[in-house]
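Q: For reference, the file upload_3.cif (mmCIF, C-alpha atoms) is included below:
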data_work
loop_
_atom_site.label_atom_id
_atom_site.label_comp_id
_atom_site.auth_asym_id
_atom_site.auth_seq_id
_atom_site.Cartn_x
_atom_site.Cartn_y
_atom_site.Cartn_z
CA MET A 1 -18.18 0.21 -5.07
CA ASP A 2 -19.90 -0.27 -8.42
CA ASN A 3 -17.28 1.30 -10.67
CA SER A 4 -14.32 -0.87 -9.65
CA VAL A 5 -12.35 -2.77 -12.26
CA THR A 6 -10.02 -4.61 -9.87
CA THR A 7 -10.53 -6.17 -6.45
CA TRP A 8 -8.87 -3.07 -4.94
CA GLY A 9 -12.16 -1.29 -5.62
CA VAL A 10 -14.27 -3.95 -3.91
CA GLY A 11 -15.14 -3.95 -0.23
CA ASP A 12 -14.27 -1.09 2.10
CA TYR A 13 -10.59 -0.49 1.40
CA PRO A 14 -10.96 3.21 2.34
CA LEU A 15 -11.60 2.06 5.92
CA MET A 16 -8.20 0.34 5.92
CA ALA A 17 -6.61 3.31 4.17
CA GLY A 18 -7.72 5.49 7.06
CA GLN A 19 -5.88 3.21 9.48
CA LEU A 20 -2.76 3.30 7.29
CA ARG A 21 -2.59 7.10 7.16
CA PRO A 22 0.22 7.28 9.79
CA ALA A 23 2.53 5.56 7.30
CA ALA A 24 1.74 8.26 4.74
CA VAL A 25 2.55 10.91 7.33
CA ALA A 26 5.86 9.18 8.06
CA ALA A 27 6.68 8.97 4.33
CA VAL A 28 5.91 12.63 3.66
CA ASP A 29 7.96 13.64 6.71
CA ALA A 30 10.88 11.45 5.59
CA ALA A 31 10.78 13.05 2.15
CA ALA A 32 10.98 16.51 3.73
CA ILE A 33 8.42 17.83 1.24
CA THR A 34 8.19 21.59 1.01
CA SER A 35 6.30 24.16 -1.04
CA GLY A 36 7.12 23.96 -4.73
CA ASP A 37 8.30 20.35 -4.77
CA ARG A 38 7.03 18.29 -7.68
CA VAL A 39 5.67 15.08 -6.14
CA ILE A 40 4.42 11.86 -7.71
CA ASP A 41 2.52 9.43 -5.47
CA VAL A 42 2.68 6.02 -7.13
CA ALA A 43 -0.26 3.67 -6.52
CA THR A 44 -1.88 6.45 -4.51
CA GLY A 45 -5.01 4.51 -3.54
CA THR A 46 -7.39 6.89 -1.80
CA GLY A 47 -4.70 9.57 -1.81
CA ASN A 48 -3.30 9.63 1.73
CA ALA A 49 0.27 10.61 0.83
CA ALA A 50 -0.69 12.77 -2.15
CA LEU A 51 -3.04 14.89 -0.06
CA LEU A 52 -0.50 15.32 2.73
CA ALA A 53 2.14 16.42 0.22
CA ALA A 54 -0.25 18.90 -1.39
CA GLU A 55 -1.09 20.35 2.02
CA ARG A 56 2.58 21.28 2.27
CA GLY A 57 2.41 23.27 -0.92
CA ALA A 58 3.80 20.67 -3.31
CA LYS A 59 2.57 20.20 -6.87
CA VAL A 60 1.27 16.64 -6.70
CA VAL A 61 0.26 13.93 -9.15
CA GLY A 62 -1.43 10.85 -7.69
CA ILE A 63 -1.42 7.76 -9.93
CA ASP A 64 -3.43 4.55 -9.52
CA PHE A 65 -4.82 1.83 -11.77
CA GLU A 66 -8.12 1.46 -9.88
CA PRO A 67 -10.61 4.12 -11.02
CA GLU A 68 -12.85 3.71 -7.97
CA LEU A 69 -9.99 4.56 -5.62
CA LEU A 70 -9.04 7.55 -7.77
CA ARG A 71 -12.66 8.70 -7.63
CA LEU A 72 -12.59 8.55 -3.84
CA ALA A 73 -9.26 10.36 -3.76
CA GLY A 74 -10.74 13.07 -5.96
CA GLU A 75 -13.70 13.45 -3.61
CA ARG A 76 -11.31 13.87 -0.70
CA SER A 77 -9.28 16.56 -2.45
CA ARG A 78 -12.37 18.49 -3.52
CA SER A 79 -13.88 18.29 -0.04
CA ALA A 80 -10.67 19.64 1.50
CA ALA A 81 -10.09 22.19 -1.30
CA ILE A 82 -6.66 20.67 -1.95
CA GLU A 83 -5.33 20.60 -5.50
CA VAL A 84 -3.98 17.25 -6.70
CA GLU A 85 -3.88 15.89 -10.24
CA TRP A 86 -5.32 12.36 -10.18
CA VAL A 87 -4.16 10.25 -13.11
CA PRO A 88 -5.00 6.63 -14.04
CA GLY A 89 -1.92 4.56 -14.72
CA GLU A 90 0.08 1.41 -14.02
CA VAL A 91 3.17 1.27 -11.83
CA GLY A 92 5.06 -0.40 -14.66
CA ASP A 93 4.23 2.37 -17.13
CA LEU A 94 3.74 5.63 -15.26
CA PRO A 95 1.97 8.23 -17.44
CA VAL A 96 4.34 11.09 -16.57
CA PRO A 97 7.48 12.45 -18.29
CA ASP A 98 11.06 11.52 -17.47
CA ARG A 99 12.67 13.43 -14.59
CA SER A 100 9.42 15.15 -13.68
CA ALA A 101 9.51 14.66 -9.88
CA ASP A 102 11.57 16.08 -7.04
CA VAL A 103 9.93 13.49 -4.76
CA VAL A 104 8.51 10.05 -5.57
CA LEU A 105 6.34 8.38 -2.94
CA SER A 106 4.66 5.02 -2.70
CA VAL A 107 2.93 3.90 0.48
CA PHE A 108 1.96 0.21 0.32
CA GLY A 109 1.61 0.57 -3.43
CA VAL A 110 4.51 -0.11 -5.77
CA MET A 111 5.33 -3.29 -3.82
CA TYR A 112 2.32 -4.94 -5.54
CA ALA A 113 3.84 -4.53 -9.01
CA THR A 114 3.93 -7.75 -10.99
CA ASP A 115 7.39 -6.94 -12.37
CA HIS A 116 9.51 -5.48 -9.59
CA SER A 117 12.45 -4.51 -11.77
CA VAL A 118 10.25 -2.64 -14.23
CA ALA A 119 8.52 -0.84 -11.36
CA ALA A 120 11.87 0.19 -9.87
CA ARG A 121 12.98 1.41 -13.29
CA GLU A 122 9.84 3.54 -13.55
CA LEU A 123 10.44 5.09 -10.13
CA ALA A 124 13.92 6.05 -11.29
CA ARG A 125 12.76 7.27 -14.70
CA VAL A 126 10.31 9.81 -13.32
CA ALA A 127 12.71 11.00 -10.60
CA ALA A 128 14.86 14.02 -11.41
CA PRO A 129 18.57 13.83 -10.56
CA GLY A 130 18.88 14.24 -6.80
CA ALA A 131 15.18 13.46 -6.24
CA ARG A 132 14.06 11.83 -2.99
CA VAL A 133 12.24 8.50 -3.18
CA VAL A 134 10.37 7.27 -0.10
CA LEU A 135 8.61 3.91 0.08
CA ALA A 136 6.55 2.15 2.76
CA SER A 137 6.29 -1.62 2.34
CA TRP A 138 5.28 -4.57 4.50
CA ILE A 139 8.20 -6.33 6.19
CA PRO A 140 8.60 -10.04 5.30
CA GLY A 141 6.84 -12.25 7.82
CA SER A 142 4.84 -9.38 9.32
CA THR A 143 1.09 -9.47 9.81
CA MET A 144 -0.12 -8.56 6.33
CA PRO A 145 2.17 -10.91 4.34
CA ALA A 146 1.53 -13.68 6.87
CA MET A 147 -2.23 -13.22 6.50
CA GLY A 148 -1.85 -13.81 2.78
CA GLN A 149 -0.20 -17.14 3.50
CA VAL A 150 -2.96 -18.15 5.92
CA LEU A 151 -5.66 -17.40 3.33
CA SER A 152 -3.89 -18.95 0.36
CA ASP A 153 -5.93 -22.16 0.67
CA TYR A 154 -9.17 -20.20 0.29
CA LEU A 155 -8.39 -17.65 -2.41
CA PRO A 156 -7.25 -17.80 -6.03
CA PRO A 157 -3.47 -17.45 -6.46
CA PRO A 158 -2.29 -13.85 -6.86
CA PRO A 159 -1.12 -12.71 -10.29
CA ALA A 160 2.25 -14.10 -11.28
CA SER A 161 5.01 -11.71 -10.29
CA SER A 162 8.76 -11.47 -9.99
CA GLY A 163 8.59 -11.73 -6.21
CA PRO A 164 6.39 -11.28 -3.13
CA PRO A 165 5.31 -7.73 -2.28
CA SER A 166 7.24 -7.93 1.00
CA ARG A 167 10.47 -8.10 -1.00
CA TRP A 168 10.23 -4.30 -0.96
CA GLY A 169 10.20 -4.44 2.85
CA ASP A 170 13.60 -6.16 3.09
CA PRO A 171 16.46 -3.60 3.04
CA ALA A 172 18.95 -5.84 1.22
CA ALA A 173 16.41 -6.98 -1.38
CA LEU A 174 15.22 -3.40 -1.86
CA ALA A 175 18.76 -2.19 -2.47
CA ASP A 176 19.15 -4.92 -5.10
CA LEU A 177 15.99 -3.65 -6.79
CA LEU A 178 16.82 0.05 -6.73
CA GLU A 179 20.57 0.32 -7.21
CA PRO A 180 20.67 -0.96 -10.82
CA HIS A 181 18.51 2.08 -11.62
CA ARG A 182 20.79 4.51 -9.77
CA LEU A 183 18.52 4.89 -6.78
CA TRP A 184 20.71 4.76 -3.68
CA LEU A 185 19.19 3.84 -0.33
CA THR A 186 19.96 6.43 2.35
CA ALA A 187 17.85 5.13 5.26
CA THR A 188 15.68 2.15 6.18
CA THR A 189 13.64 2.13 9.37
CA PRO A 190 11.22 -0.50 10.68
CA GLU A 191 7.96 1.14 11.69
CA ARG A 192 4.65 -0.10 13.11
CA ILE A 193 0.97 0.72 12.82
CA THR A 194 -1.21 -0.82 15.53
CA LEU A 195 -4.86 -1.66 14.97
CA CYS A 196 -7.06 -1.94 18.08
CA PHE A 197 -10.05 -4.26 18.34
CA SER A 198 -12.36 -5.50 21.08
CA SER A 199 -11.99 -9.13 19.99
CA SER A 200 -10.45 -11.43 17.41
CA GLY A 201 -13.86 -11.66 15.74
CA GLU A 202 -14.04 -7.91 15.29
CA ALA A 203 -10.51 -7.92 13.90
CA ALA A 204 -11.35 -10.71 11.44
CA ASP A 205 -14.47 -8.83 10.31
CA PHE A 206 -12.36 -5.73 9.67
CA LEU A 207 -9.67 -7.61 7.75
CA VAL A 208 -12.30 -9.26 5.54
CA ARG A 209 -14.39 -6.14 4.99
CA THR A 210 -11.40 -4.06 3.88
CA ALA A 211 -9.85 -6.66 1.56
CA GLY A 212 -11.48 -6.67 -1.86
CA HIS A 213 -9.76 -9.87 -2.93
CA ILE A 214 -11.49 -11.64 -0.01
CA VAL A 215 -14.89 -9.96 -0.36
CA SER A 216 -14.99 -10.81 -4.07
CA GLU A 217 -14.73 -14.53 -3.23
CA ARG A 218 -17.51 -14.59 -0.63
CA ASP A 219 -20.25 -16.04 -2.84
CA ARG A 220 -17.98 -18.82 -4.11
CA LEU A 221 -16.72 -19.71 -0.64
CA THR A 222 -20.22 -19.58 0.85
CA ALA A 223 -21.52 -21.94 -1.81
CA ALA A 224 -18.65 -24.30 -1.03
CA GLY A 225 -19.35 -24.10 2.70
CA ARG A 226 -15.97 -22.49 3.42
CA TRP A 227 -16.76 -18.86 4.23
CA ASP A 228 -17.27 -19.41 7.96
CA GLU A 229 -14.16 -21.60 7.97
CA LEU A 230 -12.14 -18.72 6.50
CA HIS A 231 -13.47 -16.39 9.21
CA ARG A 232 -12.51 -18.86 11.95
CA GLU A 233 -9.04 -19.21 10.43
CA LEU A 234 -8.61 -15.45 10.49
CA CYS A 235 -9.72 -15.32 14.13
CA ARG A 236 -7.07 -17.89 15.04
CA PHE A 237 -4.49 -15.94 13.09
CA VAL A 238 -5.34 -12.71 14.90
CA GLU A 239 -5.18 -14.45 18.28
CA GLN A 240 -1.68 -15.69 17.44
CA ARG A 241 -0.46 -12.29 16.22
CA ALA A 242 -2.19 -9.81 18.50
CA GLU A 243 -1.01 -8.38 21.77
CA PRO A 244 -3.32 -7.78 24.75
CA GLY A 245 -4.65 -4.24 25.10
CA LEU A 246 -6.58 -2.36 27.76
CA ASP A 247 -9.94 -2.98 26.11
CA GLY A 248 -9.23 -5.90 23.80
CA LEU A 249 -6.30 -6.62 21.56
CA ARG A 250 -3.72 -4.76 19.49
CA LEU A 251 -2.74 -6.09 16.06
CA PRO A 252 0.69 -4.87 14.89
CA LEU A 253 1.32 -4.07 11.22
CA ASP A 254 5.08 -3.78 10.71
CA TYR A 255 6.48 -2.01 7.67
CA LEU A 256 9.77 -0.68 6.34
CA LEU A 257 10.10 3.04 5.70
CA ALA A 258 12.84 3.38 3.09
CA SER A 259 14.42 6.54 1.70
CA ALA A 260 16.54 6.71 -1.42
CA VAL A 261 18.04 9.38 -3.63
CA LYS A 262 18.34 9.47 -7.42
CA ALA A 263 21.95 9.74 -8.54
CA LEU A 264 23.08 13.04 -9.97
CA ASP A 265 24.08 13.10 -13.63
#
Before we go any further, please render this structure as structure tokens.
A:
Amino acid sequence: MDNSVTTWGVGDYPLMAGQLRPAAVAAVDAAAITSGDRVIDVATGTGNAALLAAERGAKVVGIDFEPELLRLAGERSRSAAIEVEWVPGEVGDLPVPDRSADVVLSVFGVMYATDHSVAARELARVAAPGARVVLASWIPGSTMPAMGQVLSDYLPPPPASSGPPSRWGDPAALADLLEPHRLWLTATTPERITLCFSSSGEAADFLVRTAGHIVSERDRLTAAGRWDELHRELCRFVEQRAEPGLDGLRLPLDYLLASAVKALD
């Protein structure tokens, strides 16, 4: 991906996004999106949730800070003849007016904000009174956050933030984030996506290939003689986390599906 400006545009993240589509389906279902709803998909990535919402007749804006992912999302919408407005923007400063959404979605997106309180405030700002807000976020200690801990010795530290992304996957912590901005949690449900692989090596290859922040460090780690070591570490991690399947192994990705409502004036 030559036009990327962040590590999100490096590697083959769209391959992972395809595997994560069931979470977008669950979020759109939970939001009960219908024709005419004004929907904002925050940190839309390749557009999974935005496209699903538009298919239901909603007027959708998909926002992301990585232009390469927005380009791919735009290709998907054009190919499917689905109308979505794709807009570059940061989760901490969404480029849309106050109270402009009946539904606000974020599927594995807003949780990566560097300032969680500001991001929560932005979700509330763009939500109209009574709007539905639905978020999908990794649960603390689940596979994806745990993988980050395993790889921390190999990769540069993540940008300084006000908390780990999985904070958004803890119901109590999420309520603490949202309620000061008059977003009231109405439901939290643990959900799971399962990835199937023939071996731990295949799983490790997939996890590396789809993670731009890992791919972008390959040359440095190879020069230091640590790239193969990282791959072996990932294989061990997968073997510890995975469950046996009929033709290999099944790697569970656990997330929290959370629904909230914006307080009425």
Q: For the structure provided, state which residues fall under the PyMOL selection byres ((chain A and resi 193) around 7), and present them as JSON, numbers by chain.
A: {"A": [192, 194, 195, 252, 253, 254]}
Q: Closest to Ala136 of chain A among A:Ala53, A:Leu183, A:Ala17, A:Val107, using only C-alpha atoms?
A: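 The closest residue to Ala136 of chain A is A:Val107.
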Q: Evaluated on this file, the PyMOL selection byres ((chain A and resi 135) around 12) picks out some residues - which ones are they, written as an MDAnalysis selection string?
A: chainID A and resid 23:31 40:44 49 103:111 120 123 132:134 136:139 166 168:171 174 178 185:191 255:261
Q: Find the spatial neighbours of Glu239 of chain A, counting all atoms listed in the file, within a cut-off of 12 Å - ignore same-chain residues fewer than 5 positions away - and output them as a list in words.
A: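 Once the adjacent positions are removed, what remains is Thr143, Phe197, Ser198, Ser199, Ser200, Gly201, Glu202, Ala203, Ala204, Arg232, Glu233, Leu234, Pro244, Gly248, Leu249, Arg250, Leu251 and Pro252 of chain A.
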Q: How many Å lie between atom CA of Arg125 of chain A and atom CA of Pro97 of chain A, rounded to one decimal?
A: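 So the answer is 8.2 Å.
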Q: Taking the file as shown, find all residues satisfying the PyMOL selection byres ((chain A and resi 99) around 7) and write them as a ChimeraX atom specification.
A: /A:97-98,100-101,125-128
Q: What is the distance between atom CA of Gly74 of chain A and atom CA of Trp86 of chain A, in Å to one decimal?
A: 6.9 Å
Q: With all atoms listed in the file as the basis for distance, which of A:Glu55, A:Glu68, A:Asp93, A:Asp247 is at the shortest distance from Cys196 of chain A?
A: A:Asp247
